[in-house]
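Asks: Contents are JSON, C-alpha atoms; file name query.json:
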[["chain", "number", "residue", "atom", "x", "y", "z"],
["A", 655, "MET", "CA", 139.42, 95.99, 71.30],
["A", 656, "HIS", "CA", 137.96, 99.45, 71.78],
["A", 657, "SER", "CA", 136.09, 99.83, 75.02],
["A", 658, "GLY", "CA", 133.03, 102.03, 75.29],
["A", 659, "SER", "CA", 130.13, 103.13, 73.17],
["A", 660, "THR", "CA", 131.18, 103.11, 69.55],
["A", 661, "THR", "CA", 130.39, 106.28, 67.65],
["A", 662, "ASP", "CA", 128.89, 104.42, 64.69],
["A", 663, "LYS", "CA", 126.38, 102.72, 67.00],
["A", 664, "ARG", "CA", 125.67, 105.59, 69.38],
["A", 665, "PHE", "CA", 122.42, 107.52, 69.15],
["A", 666, "ASP", "CA", 123.09, 110.99, 67.75],
["A", 667, "PRO", "CA", 122.63, 113.56, 70.58],
["A", 668, "ALA", "CA", 121.53, 116.13, 67.99],
["A", 669, "ARG", "CA", 118.33, 114.08, 67.62],
["A", 670, "ALA", "CA", 117.79, 113.70, 71.38],
["A", 671, "GLU", "CA", 114.53, 115.66, 71.48],
["A", 672, "ARG", "CA", 112.93, 112.82, 69.49],
["A", 673, "LEU", "CA", 113.41, 110.64, 72.56],
["A", 674, "LEU", "CA", 110.98, 112.85, 74.49],
["A", 675, "SER", "CA", 108.10, 112.75, 72.00],
["A", 676, "LEU", "CA", 104.54, 112.32, 73.23],
["A", 677, "GLU", "CA", 104.15, 109.38, 70.85],
["A", 678, "ARG", "CA", 107.09, 107.63, 72.49],
["A", 679, "TYR", "CA", 105.66, 108.21, 75.98],
["A", 680, "ALA", "CA", 102.29, 106.83, 74.85],
["A", 681, "ARG", "CA", 103.91, 103.77, 73.27],
["A", 682, "LEU", "CA", 106.37, 102.85, 76.04],
["A", 683, "GLN", "CA", 104.56, 104.21, 79.15],
["A", 684, "PRO", "CA", 107.78, 104.44, 81.17],
["A", 685, "ASP", "CA", 106.20, 104.93, 84.61],
["A", 686, "ALA", "CA", 104.00, 101.82, 84.37],
["A", 687, "PHE", "CA", 106.78, 99.83, 82.69],
["A", 688, "LEU", "CA", 109.24, 100.57, 85.53],
["A", 689, "ARG", "CA", 106.72, 99.99, 88.31],
["A", 690, "ASN", "CA", 105.85, 96.60, 86.79],
["A", 691, "LEU", "CA", 109.52, 95.64, 87.11],
["A", 692, "GLY", "CA", 109.32, 96.01, 90.87],
["A", 693, "ILE", "CA", 111.25, 99.25, 91.28],
["A", 694, "ARG", "CA", 109.94, 100.85, 94.47],
["A", 695, "GLU", "CA", 110.17, 103.85, 96.77],
["A", 696, "GLY", "CA", 113.57, 104.05, 98.45],
["A", 697, "HIS", "CA", 115.47, 102.06, 95.81],
["A", 698, "ARG", "CA", 118.80, 103.20, 94.38],
["A", 699, "VAL", "CA", 118.84, 102.95, 90.59],
["A", 700, "ALA", "CA", 121.61, 103.46, 88.04],
["A", 701, "ASP", "CA", 120.15, 104.50, 84.67],
["A", 702, "LEU", "CA", 123.05, 103.72, 82.35],
["A", 703, "GLY", "CA", 122.92, 105.58, 79.05],
["A", 704, "CYS", "CA", 120.07, 107.73, 80.34],
["A", 705, "GLY", "CA", 119.70, 110.06, 77.36],
["A", 706, "PRO", "CA", 117.51, 113.12, 78.04],
["A", 707, "GLY", "CA", 115.68, 111.56, 80.97],
["A", 708, "PHE", "CA", 112.86, 109.59, 79.36],
["A", 709, "TRP", "CA", 113.37, 106.81, 81.94],
["A", 710, "ALA", "CA", 115.41, 108.64, 84.60],
["A", 711, "LEU", "CA", 112.68, 111.12, 85.52],
["A", 712, "PRO", "CA", 109.99, 108.44, 86.02],
["A", 713, "LEU", "CA", 112.57, 106.42, 87.98],
["A", 714, "ALA", "CA", 113.12, 109.41, 90.28],
["A", 715, "GLU", "CA", 109.37, 109.82, 90.71],
["A", 716, "ILE", "CA", 109.06, 106.15, 91.72],
["A", 717, "VAL", "CA", 111.99, 105.98, 94.17],
["A", 718, "GLY", "CA", 111.11, 109.32, 95.78],
["A", 719, "PRO", "CA", 113.28, 111.40, 98.12],
["A", 720, "ASN", "CA", 114.28, 108.34, 100.17],
["A", 721, "GLY", "CA", 115.76, 106.74, 97.06],
["A", 722, "ARG", "CA", 118.37, 107.82, 94.55],
["A", 723, "VAL", "CA", 118.76, 107.76, 90.78],
["A", 724, "VAL", "CA", 122.09, 108.22, 89.07],
["A", 725, "ALA", "CA", 121.50, 109.08, 85.42],
["A", 726, "LEU", "CA", 124.68, 108.38, 83.48],
["A", 727, "ASP", "CA", 125.41, 109.40, 79.89],
["A", 728, "ALA", "CA", 128.41, 110.41, 77.79],
["A", 729, "SER", "CA", 126.65, 113.39, 76.17],
["A", 730, "PRO", "CA", 126.34, 116.80, 77.85],
["A", 731, "ARG", "CA", 123.50, 117.53, 75.38],
["A", 732, "MET", "CA", 121.41, 114.80, 77.02],
["A", 733, "PHE", "CA", 121.87, 116.43, 80.43],
["A", 734, "GLU", "CA", 120.92, 119.85, 79.04],
["A", 735, "LEU", "CA", 117.58, 118.42, 77.94],
["A", 736, "MET", "CA", 117.08, 116.63, 81.26],
["A", 737, "LEU", "CA", 117.76, 119.82, 83.24],
["A", 738, "ARG", "CA", 114.99, 121.61, 81.31],
["A", 739, "GLN", "CA", 112.56, 119.11, 82.85],
["A", 740, "ASN", "CA", 113.46, 120.12, 86.44],
["A", 741, "PRO", "CA", 114.74, 116.83, 87.84],
["A", 742, "PRO", "CA", 114.39, 116.37, 91.59],
["A", 743, "ALA", "CA", 117.34, 116.70, 93.97],
["A", 744, "TRP", "CA", 117.62, 112.91, 94.38],
["A", 745, "LEU", "CA", 118.46, 112.47, 90.69],
["A", 746, "ASP", "CA", 122.18, 112.88, 90.03],
["A", 747, "MET", "CA", 123.64, 113.28, 86.55],
["A", 748, "LEU", "CA", 127.02, 111.72, 85.86],
["A", 749, "GLU", "CA", 128.95, 112.14, 82.61],
["A", 750, "GLU", "CA", 130.76, 108.87, 81.94],
["A", 751, "GLU", "CA", 131.63, 106.62, 79.00],
["A", 752, "LEU", "CA", 130.19, 103.11, 79.36],
["A", 753, "PRO", "CA", 131.09, 100.46, 80.30],
["A", 754, "ALA", "CA", 132.71, 102.52, 83.09],
["A", 755, "THR", "CA", 130.24, 104.04, 85.54],
["A", 756, "GLY", "CA", 132.32, 105.65, 88.29],
["A", 757, "LEU", "CA", 129.81, 104.31, 90.84],
["A", 758, "ASP", "CA", 130.73, 102.55, 94.06],
["A", 759, "ALA", "CA", 130.59, 98.78, 94.27],
["A", 760, "ASP", "CA", 127.40, 97.30, 95.72],
["A", 761, "TRP", "CA", 125.60, 100.65, 95.46],
["A", 762, "ALA", "CA", 122.51, 99.98, 93.34],
["A", 763, "ASP", "CA", 119.33, 98.03, 93.87],
["A", 764, "TRP", "CA", 118.69, 98.22, 90.12],
["A", 765, "VAL", "CA", 120.70, 98.79, 86.98],
["A", 766, "TRP", "CA", 118.48, 100.02, 84.16],
["A", 767, "MET", "CA", 119.68, 100.14, 80.54],
["A", 768, "ALA", "CA", 117.20, 101.14, 77.85],
["A", 769, "PHE", "CA", 118.28, 100.77, 74.22],
["A", 770, "VAL", "CA", 121.97, 101.16, 75.14],
["A", 771, "TRP", "CA", 123.40, 97.63, 75.44],
["A", 772, "HIS", "CA", 123.95, 97.35, 71.67],
["A", 773, "GLU", "CA", 126.13, 100.50, 71.74],
["A", 774, "VAL", "CA", 128.63, 99.30, 74.35],
["A", 775, "GLU", "CA", 131.65, 97.17, 73.55],
["A", 776, "PRO", "CA", 132.72, 94.81, 74.80],
["A", 777, "ALA", "CA", 129.45, 93.58, 76.26],
["A", 778, "SER", "CA", 131.36, 91.40, 78.73],
["A", 779, "GLU", "CA", 132.76, 94.53, 80.43],
["A", 780, "MET", "CA", 129.30, 96.09, 80.60],
["A", 781, "ALA", "CA", 127.92, 92.96, 82.27],
["A", 782, "ARG", "CA", 130.79, 92.87, 84.79],
["A", 783, "GLU", "CA", 130.37, 96.56, 85.61],
["A", 784, "ALA", "CA", 126.62, 96.12, 86.13],
["A", 785, "SER", "CA", 127.36, 93.27, 88.52],
["A", 786, "ARG", "CA", 130.02, 95.29, 90.36],
["A", 787, "ILE", "CA", 127.74, 98.25, 91.12],
["A", 788, "LEU", "CA", 124.74, 96.12, 92.15],
["A", 789, "ARG", "CA", 124.28, 95.00, 95.74],
["A", 790, "SER", "CA", 123.68, 91.32, 96.42],
["A", 791, "GLY", "CA", 120.10, 90.57, 95.37],
["A", 792, "GLY", "CA", 120.02, 93.62, 93.10],
["A", 793, "GLN", "CA", 118.73, 93.33, 89.56],
["A", 794, "ALA", "CA", 119.75, 94.42, 86.10],
["A", 795, "ALA", "CA", 117.08, 95.18, 83.52],
["A", 796, "ILE", "CA", 118.06, 95.58, 79.87],
["A", 797, "LEU", "CA", 115.51, 96.86, 77.35],
["A", 798, "GLU", "CA", 116.73, 96.43, 73.78],
["A", 799, "TRP", "CA", 115.74, 96.30, 70.13],
["A", 800, "ARG", "CA", 115.05, 92.90, 68.61],
["A", 801, "PRO", "CA", 117.32, 91.98, 65.69],
["A", 802, "ASP", "CA", 114.31, 90.41, 63.96],
["A", 803, "ALA", "CA", 112.04, 93.44, 64.53],
["A", 804, "SER", "CA", 109.34, 94.22, 62.04],
["A", 805, "GLY", "CA", 109.10, 97.98, 62.73],
["A", 806, "GLU", "CA", 111.11, 100.88, 61.38],
["A", 807, "SER", "CA", 112.16, 102.34, 64.75],
["A", 808, "GLY", "CA", 115.52, 101.82, 66.34],
["A", 809, "PRO", "CA", 119.09, 101.31, 65.17],
["A", 810, "PRO", "CA", 120.11, 99.39, 62.05],
["A", 811, "LEU", "CA", 119.44, 95.66, 62.34],
["A", 812, "GLN", "CA", 123.16, 94.84, 62.16],
["A", 813, "HIS", "CA", 123.78, 96.83, 65.38],
["A", 814, "ARG", "CA", 121.16, 94.96, 67.40],
["A", 815, "VAL", "CA", 121.87, 92.18, 69.88],
["A", 816, "ALA", "CA", 119.68, 89.14, 70.43],
["A", 817, "ALA", "CA", 118.22, 88.56, 73.89],
["A", 818, "GLU", "CA", 120.08, 85.25, 74.10],
["A", 819, "ALA", "CA", 123.41, 87.07, 73.74],
["A", 820, "VAL", "CA", 122.52, 89.51, 76.54],
["A", 821, "ILE", "CA", 121.46, 86.62, 78.79],
["A", 822, "ARG", "CA", 124.69, 84.77, 78.02],
["A", 823, "GLU", "CA", 126.88, 87.79, 78.94],
["A", 824, "LEU", "CA", 124.98, 88.40, 82.17],
["A", 825, "ALA", "CA", 125.35, 84.74, 83.16],
["A", 826, "ARG", "CA", 129.10, 84.88, 82.43],
["A", 827, "ALA", "CA", 129.33, 87.91, 84.73],
["A", 828, "GLY", "CA", 127.79, 85.88, 87.56],
["A", 829, "PHE", "CA", 124.15, 86.94, 87.34],
["A", 830, "ARG", "CA", 121.48, 84.36, 88.20],
["A", 831, "ASP", "CA", 118.02, 83.79, 86.80],
["A", 832, "ALA", "CA", 118.71, 85.84, 83.67],
["A", 833, "GLU", "CA", 115.57, 85.61, 81.59],
["A", 834, "LEU", "CA", 113.63, 87.14, 78.77],
["A", 835, "ARG", "CA", 110.89, 88.81, 80.79],
["A", 836, "TRP", "CA", 108.92, 90.54, 78.02],
["A", 837, "GLN", "CA", 108.94, 91.21, 74.30],
["A", 838, "ASP", "CA", 106.85, 92.73, 71.58],
["A", 839, "PRO", "CA", 107.48, 92.72, 67.82],
["A", 840, "ASP", "CA", 110.24, 95.34, 68.14],
["A", 841, "GLN", "CA", 111.77, 95.20, 71.64],
["A", 842, "TYR", "CA", 112.58, 92.85, 74.49],
["A", 843, "LEU", "CA", 113.38, 93.04, 78.18],
["A", 844, "VAL", "CA", 115.97, 90.86, 79.93],
["A", 845, "VAL", "CA", 116.12, 90.82, 83.74],
["A", 846, "ALA", "CA", 118.80, 89.16, 85.88],
["A", 847, "ARG", "CA", 119.60, 89.03, 89.61],
["A", 848, "LYS", "CA", 122.99, 89.35, 91.28],
["A", 849, "PRO", "CA", 123.45, 86.55, 93.83]]
Show this structure as structure tokens.
Replies:
Amino acid sequence: MHSGSTTDKRFDPARAERLLSLERYARLQPDAFLRNLGIREGHRVADLGCGPGFWALPLAEIVGPNGRVVALDASPRMFELMLRQNPPAWLDMLEEELPATGLDADWADWVWMAFVWHEVEPASEMAREASRILRSGGQAAILEWRPDASGESGPPLQHRVAAEAVIRELARAGFRDAELRWQDPDQYLVVARKP
């Protein structure tokens, strides 16, 4: 089986500027969303499939100079757009093809994946890699599109993954307390803890 983000499921980097729209910021409110998760000053966060920085830059603002954010993506175009936004020195950009991350084991307090899980195959490798890079007690948070969504945004319905499938893969990789933490008509959030 092919490992990595499949090109037919991957978001087109040529449309990356759409990911930074004011409407999207107003709808998702990334800073408040991330703070409500419990991400705090001094944390180390891996933003896997970071895109142009929609989540990575608020993450860096939250963790501050005593923390660290590694923003990982396979597309140089995404990093070009992020650099235009003047990321702070404690945000590192790493070009890598998921499920590989190139990060050290037990490095992160949080693994954050927003609208990326459905692109990565096999999901079992992504779950194992998330577990590997998290420290004991660290958490993974996966924000994804609902396969039964009513809205027009997001990838085709056949590319989407149900929350139950994400929870199942995280549990198989050894995560504990994997749960559906939040959902709206179009998206859901799964959070799990590494023992």
Asks: Which residue is closest to Pro776 (chain A)? Choose from A:Asp701, A:Glu823, A:Asp840, A:Asp727 and count all atoms listed in the file.
Replies: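 Ranked by minimum distance to Pro776 (chain A), first place goes to A:Glu823.
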Asks: Skip Arg678 (chain A) itself and residues of its chain fewer than 4 positions away, then list as a PyMOL selection string all residues within 12 Å of it, counting only C-alpha atoms.
Replies: chain A and resi 671-674+682-684+708-709+807-808
Asks: Could you save those same residues with C-alpha atoms as a CSV table (one decimal), in the coordinates of the input?
Replies:
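Listing of again-v5.csv after writing:
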chain,number,residue,atom,x,y,z
A,671,GLU,CA,114.5,115.7,71.5
A,672,ARG,CA,112.9,112.8,69.5
A,673,LEU,CA,113.4,110.6,72.6
A,674,LEU,CA,111.0,112.8,74.5
A,682,LEU,CA,106.4,102.8,76.0
A,683,GLN,CA,104.6,104.2,79.2
A,684,PRO,CA,107.8,104.4,81.2
A,708,PHE,CA,112.9,109.6,79.4
A,709,TRP,CA,113.4,106.8,81.9
A,807,SER,CA,112.2,102.3,64.8
A,808,GLY,CA,115.5,101.8,66.3
Asks: Calculated over all atoms listed in the file, which of the candidates A:Leu711, A:Arg822, A:Met747, A:Asp685 has the smallest distance to Arg731 (chain A)?
Replies: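 Going through A:Leu711, A:Arg822, A:Met747, A:Asp685 one by one, the smallest distance to Arg731 (chain A) is for A:Met747.
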Asks: For a test of reading the model, state the distance in Å between CA of Ile821 (chain A) and CA of Val844 (chain A), rounded to one decimal.
Replies: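 For CA of Ile821 (chain A) relative to CA of Val844 (chain A), the distance reads 7.0 Å.
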Asks: Between A:Ala759, A:Ala686, A:Ala819, A:Val723, which has the minimum distance to Asp746 (chain A) (counting all atoms listed in the file)?
Replies: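 Checking each of A:Ala759, A:Ala686, A:Ala819, A:Val723 against Asp746 (chain A), counting all atoms listed in the file, the winner is A:Val723.
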Asks: In Å, rounded to a single decimal, give me how far CA of Glu750 (chain A) is from CA of His813 (chain A).
Replies: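 CA of Glu750 (chain A) lies 21.6 Å from CA of His813 (chain A).
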Asks: Show which residues sit within 9 Å of Trp766 (chain A), as a list in words. Count only C-alpha atoms, and ignore same-chain residues fewer than 5 positions away.
Replies: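 Contacts, in chain order: Val699, Ala700, Asp701, Leu702, Gly703, Cys704, Trp709, Gln793, Ala794, Ala795, Ile796 and Leu797 of chain A.
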Asks: With only C-alpha atoms as the basis for distance, which of A:Arg835, A:Arg722, A:Arg814, A:Arg694 is at the shortest distance from Pro801 (chain A)?
Replies: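 Smallest separation from Pro801 (chain A) among the options: A:Arg814.
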Asks: Set the distance at 9 Å and use all atoms listed in the file: which residues neighbour Trp761 (chain A) once local chain neighbours fewer than 3 positions away are removed? I'd like the list as a list in words.
Replies: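 The residues satisfying every condition are Arg698, Val699, Ala700, Leu757, Asp758, Arg786, Ile787, Leu788 and Arg789 of chain A.
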